[in-house]
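Engineer: If it helps, the file is called protein.txt and holds compact mmCIF, C-alpha atoms (C1' of nucleotides):
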# COMPACT_ATOMS: atom_id res chain seq x y z
CA MET A 144 -16.67 -12.99 15.18
CA LYS A 145 -14.03 -15.60 15.88
CA ILE A 146 -12.58 -16.95 19.09
CA SER A 147 -8.81 -16.60 18.70
CA THR A 148 -6.27 -19.37 19.14
CA LYS A 149 -5.36 -17.96 22.54
CA GLY A 150 -8.83 -18.59 23.86
CA ARG A 151 -9.24 -21.94 22.19
CA TYR A 152 -5.81 -23.17 23.21
CA ALA A 153 -6.28 -21.96 26.78
CA LEU A 154 -9.41 -24.06 26.98
CA ARG A 155 -7.68 -27.12 25.55
CA LEU A 156 -4.78 -26.54 27.90
CA MET A 157 -6.99 -26.45 30.96
CA LEU A 158 -8.90 -29.50 29.75
CA ASP A 159 -5.67 -31.37 29.13
CA LEU A 160 -4.49 -30.61 32.66
CA ALA A 161 -7.84 -31.72 34.03
CA ILE A 162 -8.01 -34.97 32.08
CA ASN A 163 -4.41 -35.98 32.61
CA ASN A 164 -4.28 -34.98 36.23
CA THR A 165 -2.53 -37.48 38.48
CA GLY A 166 -1.71 -35.12 41.29
CA GLU A 167 1.78 -34.54 39.86
CA PHE A 168 2.79 -31.40 38.01
CA ILE A 169 2.43 -31.82 34.24
CA PRO A 170 5.16 -30.31 32.04
CA LEU A 171 4.05 -28.32 29.01
CA LYS A 172 6.11 -30.63 26.84
CA LEU A 173 3.52 -33.34 27.35
CA VAL A 174 0.61 -31.02 26.76
CA SER A 175 2.35 -29.78 23.64
CA GLU A 176 2.65 -33.30 22.23
CA ARG A 177 -0.92 -34.23 23.03
CA GLN A 178 -2.47 -31.00 21.79
CA ASP A 179 -0.07 -30.30 18.95
CA ILE A 180 0.67 -26.75 20.06
CA SER A 181 4.23 -25.45 20.51
CA VAL A 182 5.60 -25.32 24.05
CA LYS A 183 6.57 -21.70 23.53
CA TYR A 184 3.06 -20.68 22.63
CA LEU A 185 1.62 -22.67 25.50
CA GLU A 186 4.00 -20.93 27.88
CA GLN A 187 2.70 -17.58 26.75
CA ILE A 188 -0.89 -18.64 27.22
CA ILE A 189 -0.50 -20.37 30.56
CA THR A 190 1.18 -17.33 32.09
CA VAL A 191 -2.20 -15.61 32.14
CA LEU A 192 -3.88 -18.61 33.69
CA VAL A 193 -1.22 -18.80 36.41
CA LYS A 194 -1.50 -15.10 37.21
CA ALA A 195 -5.26 -15.48 37.54
CA GLY A 196 -4.71 -18.33 39.96
CA TYR A 197 -6.46 -20.93 37.82
CA VAL A 198 -3.27 -22.95 37.41
CA ARG A 199 -0.30 -23.57 39.68
CA GLY A 200 3.18 -23.87 38.24
CA LEU A 201 6.34 -25.45 39.62
CA ARG A 202 9.76 -24.74 38.17
CA GLY A 203 12.70 -27.02 37.69
CA SER A 204 13.05 -30.69 37.00
CA ARG A 205 9.82 -32.59 37.68
CA GLY A 206 8.10 -29.24 37.42
CA GLY A 207 5.05 -28.38 35.37
CA TYR A 208 1.51 -27.25 35.93
CA LYS A 209 -1.70 -28.42 37.50
CA LEU A 210 -5.14 -26.91 37.95
CA ALA A 211 -5.39 -24.97 41.20
CA GLY A 212 -8.97 -26.08 41.70
CA LYS A 213 -11.38 -28.71 40.45
CA PRO A 214 -12.65 -28.87 36.84
CA GLU A 215 -16.12 -27.88 38.00
CA ASP A 216 -14.71 -24.64 39.42
CA TYR A 217 -13.81 -23.23 36.03
CA THR A 218 -16.35 -22.09 33.50
CA VAL A 219 -15.53 -21.65 29.85
CA GLY A 220 -16.43 -17.98 30.28
CA MET A 221 -13.79 -17.45 32.96
CA ILE A 222 -11.10 -18.91 30.74
CA LEU A 223 -12.12 -17.18 27.53
CA ARG A 224 -12.50 -13.77 29.14
CA LEU A 225 -9.07 -14.05 30.61
CA THR A 226 -7.39 -14.86 27.32
CA GLU A 227 -9.69 -13.19 24.79
CA GLY A 228 -10.77 -10.21 26.80
CA SER A 229 -14.45 -9.35 26.91
CA LEU A 230 -16.79 -11.45 24.82
CA ALA A 231 -18.98 -8.45 23.99
CA PRO A 232 -19.82 -8.37 20.28
CA VAL A 233 -19.44 -4.57 20.20
CA ALA A 234 -17.07 -2.32 22.14
CA CYS A 235 -19.77 -0.07 23.58
CA LEU A 236 -20.96 -2.90 25.83
CA GLU A 237 -17.55 -3.23 27.47
CA GLY A 238 -17.46 -1.56 30.85
CA ASP A 239 -17.79 2.20 31.08
CA THR A 240 -14.64 3.08 29.15
CA ASN A 241 -16.15 2.71 25.70
CA TYR A 242 -19.21 4.85 26.20
CA CYS A 243 -20.91 5.74 22.94
CA GLU A 244 -22.59 9.11 22.43
CA ARG A 245 -25.23 7.51 20.27
CA ALA A 246 -26.24 4.99 22.94
CA ASP A 247 -29.55 6.68 23.74
CA GLU A 248 -30.65 6.89 20.13
CA CYS A 249 -29.05 3.62 19.04
CA ILE A 250 -31.47 1.28 17.35
CA THR A 251 -29.11 -1.66 17.39
CA LEU A 252 -27.91 -1.51 20.99
CA GLY A 253 -30.69 -3.74 22.24
CA LEU A 254 -29.81 -6.36 19.67
CA TRP A 255 -26.14 -6.37 20.69
CA LYS A 256 -27.15 -6.72 24.33
CA GLU A 257 -29.31 -9.68 23.46
CA LEU A 258 -26.48 -11.28 21.52
CA TYR A 259 -24.07 -10.62 24.37
CA GLU A 260 -26.40 -12.28 26.83
CA ALA A 261 -26.84 -15.31 24.58
CA ILE A 262 -23.08 -15.73 24.36
CA ASN A 263 -22.55 -15.29 28.09
CA ASN A 264 -25.34 -17.70 28.81
CA VAL A 265 -23.50 -20.48 26.98
CA VAL A 266 -19.98 -19.88 28.23
CA ASP A 267 -20.92 -19.14 31.83
CA ASN A 268 -23.03 -22.24 32.21
CA THR A 269 -20.44 -24.70 31.01
CA THR A 270 -17.57 -25.85 33.22
CA LEU A 271 -14.55 -27.94 32.34
CA ALA A 272 -16.21 -30.81 34.18
CA ASP A 273 -19.28 -30.46 31.97
CA LEU A 274 -17.21 -30.66 28.81
CA ILE A 275 -15.35 -33.74 30.00
CA GLU A 276 -18.52 -35.45 31.12
CA ARG A 277 -20.32 -34.78 27.85
CA TYR A 278 -17.34 -36.05 25.93
CA ASN A 279 -17.21 -39.25 27.96
CA ASP A 280 -20.90 -39.83 27.35
CA LYS A 281 -20.48 -39.33 23.64
CA ILE A 282 -17.30 -41.32 23.09
CA GLY A 283 -17.64 -43.98 25.73
CA ASN A 284 -14.38 -42.96 27.34
CA ASP A 285 -14.05 -42.50 31.03
CA TYR A 286 -11.52 -39.84 31.75
CA CYS A 287 -10.93 -39.69 35.46
CA ILE A 288 -11.40 -36.16 36.65
CA MET B 24 -15.22 -11.89 19.18
CA LYS B 25 -16.26 -8.57 17.71
CA ILE B 26 -18.66 -7.65 14.97
CA SER B 27 -16.68 -5.48 12.57
CA THR B 28 -17.67 -2.04 11.36
CA LYS B 29 -18.74 -3.51 8.04
CA GLY B 30 -21.40 -5.61 9.71
CA ARG B 31 -22.52 -2.92 12.08
CA TYR B 32 -22.60 -0.22 9.44
CA ALA B 33 -24.45 -2.46 7.01
CA LEU B 34 -27.14 -2.92 9.62
CA ARG B 35 -27.37 0.80 10.31
CA LEU B 36 -27.45 1.46 6.59
CA MET B 37 -30.34 -0.92 6.01
CA LEU B 38 -32.16 0.50 9.02
CA ASP B 39 -31.61 4.04 7.80
CA LEU B 40 -33.07 3.16 4.41
CA ALA B 41 -36.02 1.48 6.09
CA ILE B 42 -36.77 4.32 8.48
CA ASN B 43 -36.32 7.12 5.97
CA ASN B 44 -38.11 5.38 3.15
CA THR B 45 -40.48 7.62 1.20
CA GLY B 46 -40.59 5.55 -1.94
CA GLU B 47 -37.87 7.73 -3.52
CA PHE B 48 -34.27 6.64 -3.89
CA ILE B 49 -32.13 7.85 -0.99
CA PRO B 50 -28.62 9.10 -1.83
CA LEU B 51 -25.78 7.87 0.39
CA LYS B 52 -24.92 11.48 1.13
CA LEU B 53 -27.99 11.71 3.35
CA VAL B 54 -27.31 8.38 5.03
CA SER B 55 -23.74 9.50 5.58
CA GLU B 56 -24.85 12.66 7.37
CA ARG B 57 -27.39 10.89 9.53
CA GLN B 58 -25.17 7.95 10.44
CA ASP B 59 -21.86 9.79 10.52
CA ILE B 60 -20.12 7.34 8.22
CA SER B 61 -18.19 8.46 5.12
CA VAL B 62 -19.93 8.14 1.77
CA LYS B 63 -16.94 6.27 0.41
CA TYR B 64 -17.11 3.62 3.09
CA LEU B 65 -20.88 3.32 2.72
CA GLU B 66 -20.44 2.80 -1.02
CA GLN B 67 -18.14 -0.12 -0.36
CA ILE B 68 -20.56 -1.69 2.07
CA ILE B 69 -23.72 -1.17 0.07
CA THR B 70 -22.19 -2.82 -3.00
CA VAL B 71 -22.52 -6.17 -1.25
CA LEU B 72 -26.10 -5.49 -0.26
CA VAL B 73 -26.98 -4.54 -3.83
CA LYS B 74 -25.35 -7.64 -5.28
CA ALA B 75 -27.31 -9.78 -2.84
CA GLY B 76 -30.49 -8.09 -4.01
CA TYR B 77 -31.33 -6.63 -0.60
CA VAL B 78 -31.06 -3.07 -1.89
CA ARG B 79 -31.80 -1.47 -5.26
CA GLY B 80 -29.62 1.32 -6.57
CA LEU B 81 -30.25 4.01 -9.16
CA ARG B 82 -27.48 6.07 -10.71
CA GLY B 83 -27.42 9.70 -11.68
CA SER B 84 -29.14 12.76 -10.40
CA ARG B 85 -32.05 11.93 -8.10
CA GLY B 86 -30.43 8.53 -7.74
CA GLY B 87 -29.72 6.63 -4.56
CA TYR B 88 -30.81 3.45 -2.87
CA LYS B 89 -33.87 1.83 -1.39
CA LEU B 90 -34.63 -1.52 0.18
CA ALA B 91 -35.70 -4.06 -2.41
CA GLY B 92 -38.16 -5.63 0.03
CA LYS B 93 -39.90 -4.81 3.28
CA PRO B 94 -38.07 -4.40 6.58
CA GLU B 95 -39.62 -7.61 7.87
CA ASP B 96 -38.01 -9.52 5.00
CA TYR B 97 -34.49 -8.95 6.26
CA THR B 98 -33.09 -10.60 9.34
CA VAL B 99 -30.02 -9.33 11.12
CA GLY B 100 -28.41 -12.67 10.34
CA MET B 101 -28.82 -12.23 6.60
CA ILE B 102 -27.16 -8.84 6.70
CA LEU B 103 -24.34 -9.76 9.04
CA ARG B 104 -23.45 -12.97 7.20
CA LEU B 105 -23.26 -11.07 3.97
CA THR B 106 -20.86 -8.46 5.30
CA GLU B 107 -19.04 -10.34 8.05
CA GLY B 108 -18.99 -13.77 6.54
CA SER B 109 -20.02 -16.70 8.69
CA LEU B 110 -20.84 -16.01 12.33
CA ALA B 111 -19.28 -19.28 13.45
CA PRO B 112 -17.06 -18.75 16.50
CA VAL B 113 -14.51 -21.24 15.15
CA ALA B 114 -13.47 -21.97 11.56
CA CYS B 115 -14.12 -25.71 11.74
CA LEU B 116 -17.87 -25.06 11.88
CA GLU B 117 -17.82 -23.21 8.57
CA GLY B 118 -19.03 -25.35 5.72
CA ASP B 119 -16.98 -28.34 4.66
CA THR B 120 -13.88 -26.46 3.57
CA ASN B 121 -12.39 -26.11 7.02
CA TYR B 122 -12.62 -29.69 8.10
CA CYS B 123 -10.54 -30.44 11.20
CA GLU B 124 -8.80 -33.76 11.65
CA ARG B 125 -9.38 -33.62 15.35
CA ALA B 126 -13.14 -33.21 15.00
CA ASP B 127 -13.97 -36.72 16.20
CA GLU B 128 -11.84 -36.49 19.31
CA CYS B 129 -12.47 -32.79 19.95
CA ILE B 130 -13.76 -32.09 23.43
CA THR B 131 -14.67 -28.52 22.70
CA LEU B 132 -16.51 -28.95 19.41
CA GLY B 133 -19.86 -29.42 21.13
CA LEU B 134 -19.39 -26.21 23.04
CA TRP B 135 -18.63 -24.23 19.89
CA LYS B 136 -21.70 -25.68 18.23
CA GLU B 137 -23.82 -24.62 21.15
CA LEU B 138 -22.36 -21.13 21.03
CA TYR B 139 -22.90 -20.96 17.28
CA GLU B 140 -26.54 -21.94 17.70
CA ALA B 141 -27.06 -19.36 20.41
CA ILE B 142 -25.67 -16.65 18.15
CA ASN B 143 -27.71 -17.75 15.15
CA ASN B 144 -30.79 -17.94 17.27
CA VAL B 145 -30.55 -14.24 18.08
CA VAL B 146 -29.62 -12.87 14.69
CA ASP B 147 -31.97 -15.07 12.67
CA ASN B 148 -34.99 -14.23 14.78
CA THR B 149 -34.66 -10.49 14.56
CA THR B 150 -35.71 -8.54 11.47
CA LEU B 151 -35.20 -4.90 10.66
CA ALA B 152 -38.89 -4.38 11.38
CA ASP B 153 -38.42 -5.89 14.85
CA LEU B 154 -35.58 -3.51 15.63
CA ILE B 155 -37.54 -0.48 14.49
CA GLU B 156 -40.64 -1.54 16.38
CA ARG B 157 -38.73 -2.14 19.60
CA TYR B 158 -37.04 1.19 19.26
CA ASN B 159 -40.34 2.99 18.76
CA ASP B 160 -41.77 1.29 21.82
CA LYS B 161 -38.79 2.32 23.91
CA ILE B 162 -38.38 5.89 22.72
CA GLY B 163 -41.96 6.82 21.94
CA ASN B 164 -41.09 7.60 18.34
CA ASP B 165 -43.17 6.38 15.51
CA TYR B 166 -40.99 5.81 12.48
CA CYS B 167 -43.15 4.94 9.55
CA ILE B 168 -41.94 1.73 8.04
C1' DT C 182 26.52 -29.83 39.28
C1' DA C 183 23.74 -31.21 35.48
C1' DT C 184 19.22 -31.11 33.78
C1' DA C 185 14.61 -30.10 32.94
C1' DA C 186 11.47 -27.33 33.53
C1' DT C 187 9.13 -22.52 34.33
C1' DC C 188 9.42 -17.56 33.82
C1' DA C 189 10.17 -13.10 31.37
C1' DT C 190 10.70 -10.28 27.47
C1' DA C 191 11.38 -9.22 22.78
C1' DG C 192 10.87 -9.80 17.96
C1' DT C 193 8.52 -10.98 13.41
C1' DA C 194 5.60 -12.20 9.62
C1' DT C 195 1.10 -12.12 8.05
C1' DA C 196 -3.50 -11.04 7.66
C1' DC C 197 -7.36 -8.31 8.59
C1' DA C 198 -9.77 -3.96 9.70
C1' DA C 199 -11.03 0.34 8.52
C1' DA C 200 -10.97 3.15 5.84
C1' DT C 201 -9.42 6.83 1.71
C1' DA C 202 -8.69 8.00 -3.21
C1' DG C 203 -9.47 8.62 -8.10
C1' DG C 204 -12.04 8.27 -11.73
C1' DA C 205 -15.53 6.09 -15.07
C1' DA C 206 -20.44 5.46 -16.10
C1' DT C 207 -25.11 7.06 -15.95
C1' DA C 208 -29.62 9.14 -15.09
C1' DG C 209 -32.16 13.11 -14.64
C1' DA C 210 -32.59 18.45 -14.59
C1' DG C 211 -32.39 22.47 -17.00
C1' DC D 165 -27.33 18.47 -25.13
C1' DT D 166 -24.72 19.71 -21.45
C1' DC D 167 -24.27 20.01 -16.46
C1' DT D 168 -24.51 17.81 -12.21
C1' DA D 169 -25.35 14.49 -8.79
C1' DT D 170 -25.13 10.30 -8.06
C1' DT D 171 -23.78 5.21 -8.36
C1' DC D 172 -20.25 2.07 -9.67
C1' DC D 173 -15.50 0.07 -9.93
C1' DT D 174 -10.78 -0.75 -8.56
C1' DA D 175 -6.70 0.33 -6.04
C1' DT D 176 -4.09 2.00 -2.22
C1' DT D 177 -3.11 3.11 2.40
C1' DT D 178 -2.60 2.80 7.34
C1' DG D 179 -2.89 0.82 11.54
C1' DT D 180 -3.65 -2.95 14.58
C1' DA D 181 -4.15 -7.63 16.02
C1' DT D 182 -3.06 -12.44 15.45
C1' DA D 183 -0.17 -16.13 15.81
C1' DC D 184 3.58 -17.27 16.52
C1' DT D 185 9.15 -17.89 17.21
C1' DA D 186 13.47 -16.75 19.70
C1' DT D 187 16.61 -15.88 23.41
C1' DG D 188 17.91 -16.20 27.72
C1' DA D 189 17.39 -15.98 32.91
C1' DT D 190 15.76 -18.46 36.92
C1' DT D 191 14.83 -22.39 39.76
C1' DA D 192 13.81 -27.00 41.64
C1' DT D 193 14.97 -31.72 41.63
C1' DA D 194 18.03 -35.75 40.77
Could you show the structure in this file as structure tokens?

Structural biologist:
Amino acid sequence: MKISTKGRYALRLMLDLAINNTGEFIPLKLVSERQDISVKYLEQIITVLVKAGYVRGLRGSRGGYKLAGKPEDYTVGMILRLTEGSLAPVACLEGDTNYCERADECITLGLWKELYEAINNVVDNTTLADLIERYNDKIGNDYCI
Amino acid sequence: MKISTKGRYALRLMLDLAINNTGEFIPLKLVSERQDISVKYLEQIITVLVKAGYVRGLRGSRGGYKLAGKPEDYTVGMILRLTEGSLAPVACLEGDTNYCERADECITLGLWKELYEAINNVVDNTTLADLIERYNDKIGNDYCI
DNA sequence: TATAATCATAGTATACAAATAGGAATAGAG
DNA sequence: CTCTATTCCTATTTGTATACTATGATTATA
């Protein structure tokens, strides 16, 4: 029941781009230094975010990445699902591909559904902007987003 | 973010013992047939439940297992934590052993705490008796617990 | 043309998941 | 008192996923 590094790092990556946004493209080298994650691993993770259209990349010198939209456009759920896959606690809740023969007589299915909903409820109701705002309130910082 | 087979099977095992309880000890062979899980794997899983005192075992002919307490005594959380380990979505929320240097400046820590609480809230407020009752209501069965 | 970056693909070490296997100990039945 | 059905104990296996690292091609700017 753990969120993997891919999901966690993707979130930190998006947050880093949001917080350090100046309008310019931000190279992964900088994100790597700030977040203490290797550039190579970040590259692998950001590929998915680019393909999903959450992040825009520019090659070459002065290249880098920036969020395609605003921090409030991206929920934690969107980012985690992209990098982690489904957040369902059991496979039989994932789409129609993992249908379970025992579903009708399954005593625990309802419980897993409830757990799934609780998880979704948290991640889908929190945006990057929310996280930054809460952090500013707590720490007294004022990251410009 | 998946519950492993150990956790899921442990829950089904406890439920099977609860539902099929007659006062006698129930051999794993029967549970195995009903739940379609190998006896050998069930043995491995039930060991933990016995050591925790959730289940009592008796060796030899006419031996088997039975719940030590009543179905309402056991929450899903108790059973899952025993077999899965902590249900924390990130390691830094687990006890004091996994302390993270970045905790103070971590923007995502609050989110993980919220998620953790949401998960705990579900599993700690559902007992085996609840699951059986809900199932009876849904299916029209009347398992004697 | 040099440089700094993304982009694409492959490889690797480790740990965890999901079991299976073999046999010793024991409680009851006959 | 022996047979049998069971728990109990420890090891081994197999596959898959995680968490990276490595190499090199491409491209945009200075």

Engineer: Could you list, as a VMD selection string, every residue within 7 Å of range 221-235 of chain A, counting only C-alpha atoms (C1' of nucleotides) and ignoring same-chain residues fewer than 4 positions away?

Structural biologist: (chain A and resid 149 to 150 153 to 154 217 241 to 243 255 259) or (chain B and resid 24 to 26)

Engineer: What is the CA of Glu167 in chain A to CA of Gly283 in chain A distance in Å?

Structural biologist: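 It comes out at 25.8 Å.
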
Engineer: Enumerate, in order of chain and increasing residue number, the residues of chain A with an atom no farther than 8 Å from chain C, each with its shortest atom pair and distance in Å to one decimal, counting all atoms listed in the file, as CSV.

Structural biologist:
residue,atom,partner,partner_atom,distance
A:Pro170,CA,C:DA186,C1',7.1
A:Gly200,CA,C:DT187,C1',7.2
A:Leu201,CA,C:DT187,C1',6.7
A:Arg202,CA,C:DT187,C1',4.5
A:Gly203,CA,C:DA186,C1',4.3
A:Ser204,CA,C:DA185,C1',4.4
A:Arg205,CA,C:DA186,C1',6.9
A:Gly206,CA,C:DA186,C1',5.5
A:Gly207,CA,C:DA186,C1',6.8

Engineer: Would you give me, as an MDAnalysis selection string, the residues of chain D that come within 12 Å of chain A, using all atoms listed in the file?

Structural biologist: chainID D and resid 181:187 190:194

Engineer: I'd like the contact shell of range 147-162 of chain B - 6 Å cut-off, only C-alpha atoms (C1' of nucleotides), skipping same-chain residues fewer than 3 positions apart - returned as a list in words.

Structural biologist: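 Neighbouring residues, sequence-local ones excluded: Ile250 of chain A; Pro94, Glu95, Tyr97, Thr98, Val99, Gly100, Asn143, Asn144 and Asp165 of chain B.
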
Engineer: Rounded to one decimal in Å, what is the spacing between C1' of DT171 in chain D and CA of Glu66 in chain B?

Structural biologist: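 These atoms are spaced 8.4 Å apart.
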
Engineer: With a distance cut-off of 10 Å and all atoms listed in the file, select the neighbouring residues of Gly92 in chain B, excluding the residue or stretch itself and same-chain residues fewer than 4 positions from it, and output the selection as a PyMOL selection string.

Structural biologist: chain B and resi 41+76-79+96-97

Engineer: Please supply range 204-235 of chain A, rebuilt with N, CA and C atoms, as a compact mmCIF listing (two decimals), in the coordinates of the input.

Structural biologist:
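And here's result-v4.txt as it stands now:
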# COMPACT_ATOMS: atom_id res chain seq x y z
N SER A 204 13.27 -29.29 37.36
CA SER A 204 13.05 -30.69 37.00
C SER A 204 11.85 -31.23 37.77
N ARG A 205 11.07 -32.06 37.13
CA ARG A 205 9.82 -32.59 37.68
C ARG A 205 8.79 -31.48 37.90
N GLY A 206 9.06 -30.35 37.30
CA GLY A 206 8.10 -29.24 37.42
C GLY A 206 7.02 -29.37 36.37
N GLY A 207 6.16 -28.38 36.33
CA GLY A 207 5.05 -28.38 35.37
C GLY A 207 3.89 -27.59 35.92
N TYR A 208 2.70 -27.98 35.51
CA TYR A 208 1.51 -27.25 35.93
C TYR A 208 0.41 -28.21 36.35
N LYS A 209 -0.46 -27.71 37.20
CA LYS A 209 -1.70 -28.42 37.50
C LYS A 209 -2.80 -27.40 37.79
N LEU A 210 -4.04 -27.80 37.62
CA LEU A 210 -5.14 -26.91 37.95
C LEU A 210 -5.10 -26.59 39.43
N ALA A 211 -5.36 -25.35 39.78
CA ALA A 211 -5.39 -24.97 41.20
C ALA A 211 -6.64 -25.52 41.87
N GLY A 212 -7.73 -25.57 41.13
CA GLY A 212 -8.97 -26.08 41.70
C GLY A 212 -9.48 -27.30 40.96
N LYS A 213 -10.77 -27.56 41.12
CA LYS A 213 -11.38 -28.71 40.45
C LYS A 213 -11.96 -28.27 39.10
N PRO A 214 -12.09 -29.21 38.16
CA PRO A 214 -12.65 -28.87 36.84
C PRO A 214 -14.00 -28.18 36.92
N GLU A 215 -14.79 -28.51 37.91
CA GLU A 215 -16.12 -27.88 38.00
C GLU A 215 -16.05 -26.43 38.51
N ASP A 216 -14.87 -26.02 38.95
CA ASP A 216 -14.71 -24.64 39.42
C ASP A 216 -14.53 -23.64 38.29
N TYR A 217 -14.17 -24.14 37.12
CA TYR A 217 -13.81 -23.23 36.03
C TYR A 217 -14.80 -23.29 34.88
N THR A 218 -15.45 -22.16 34.65
CA THR A 218 -16.35 -22.09 33.50
C THR A 218 -15.56 -21.69 32.26
N VAL A 219 -16.12 -22.04 31.12
CA VAL A 219 -15.53 -21.65 29.85
C VAL A 219 -15.42 -20.12 29.77
N GLY A 220 -16.43 -19.45 30.29
CA GLY A 220 -16.43 -17.98 30.28
C GLY A 220 -15.25 -17.39 31.01
N MET A 221 -14.94 -17.94 32.18
CA MET A 221 -13.79 -17.45 32.96
C MET A 221 -12.51 -17.53 32.14
N ILE A 222 -12.33 -18.65 31.48
CA ILE A 222 -11.10 -18.91 30.74
C ILE A 222 -11.02 -18.05 29.48
N LEU A 223 -12.13 -17.97 28.76
CA LEU A 223 -12.12 -17.18 27.53
C LEU A 223 -11.95 -15.69 27.81
N ARG A 224 -12.62 -15.20 28.83
CA ARG A 224 -12.50 -13.77 29.14
C ARG A 224 -11.08 -13.39 29.51
N LEU A 225 -10.43 -14.31 30.18
CA LEU A 225 -9.07 -14.05 30.61
C LEU A 225 -8.13 -13.93 29.42
N THR A 226 -8.33 -14.79 28.44
CA THR A 226 -7.39 -14.86 27.32
C THR A 226 -7.84 -14.03 26.12
N GLU A 227 -9.15 -13.91 25.93
CA GLU A 227 -9.69 -13.19 24.79
C GLU A 227 -10.00 -11.74 25.13
N GLY A 228 -10.15 -11.46 26.39
CA GLY A 228 -10.77 -10.21 26.80
C GLY A 228 -12.28 -10.39 26.76
N SER A 229 -12.99 -9.30 26.89
CA SER A 229 -14.45 -9.35 26.91
C SER A 229 -15.03 -10.08 25.69
N LEU A 230 -16.14 -10.75 25.92
CA LEU A 230 -16.79 -11.45 24.82
C LEU A 230 -17.91 -10.62 24.21
N ALA A 231 -17.95 -9.34 24.55
CA ALA A 231 -18.98 -8.45 23.99
C ALA A 231 -18.80 -8.33 22.48
N PRO A 232 -19.92 -8.42 21.74
CA PRO A 232 -19.82 -8.37 20.28
C PRO A 232 -19.55 -6.96 19.75
N VAL A 233 -19.77 -5.95 20.58
CA VAL A 233 -19.44 -4.57 20.20
C VAL A 233 -18.78 -3.88 21.40
N ALA A 234 -17.89 -2.95 21.10
CA ALA A 234 -17.07 -2.32 22.14
C ALA A 234 -17.91 -1.53 23.15
N CYS A 235 -19.01 -0.96 22.69
CA CYS A 235 -19.77 -0.07 23.58
C CYS A 235 -20.43 -0.81 24.73
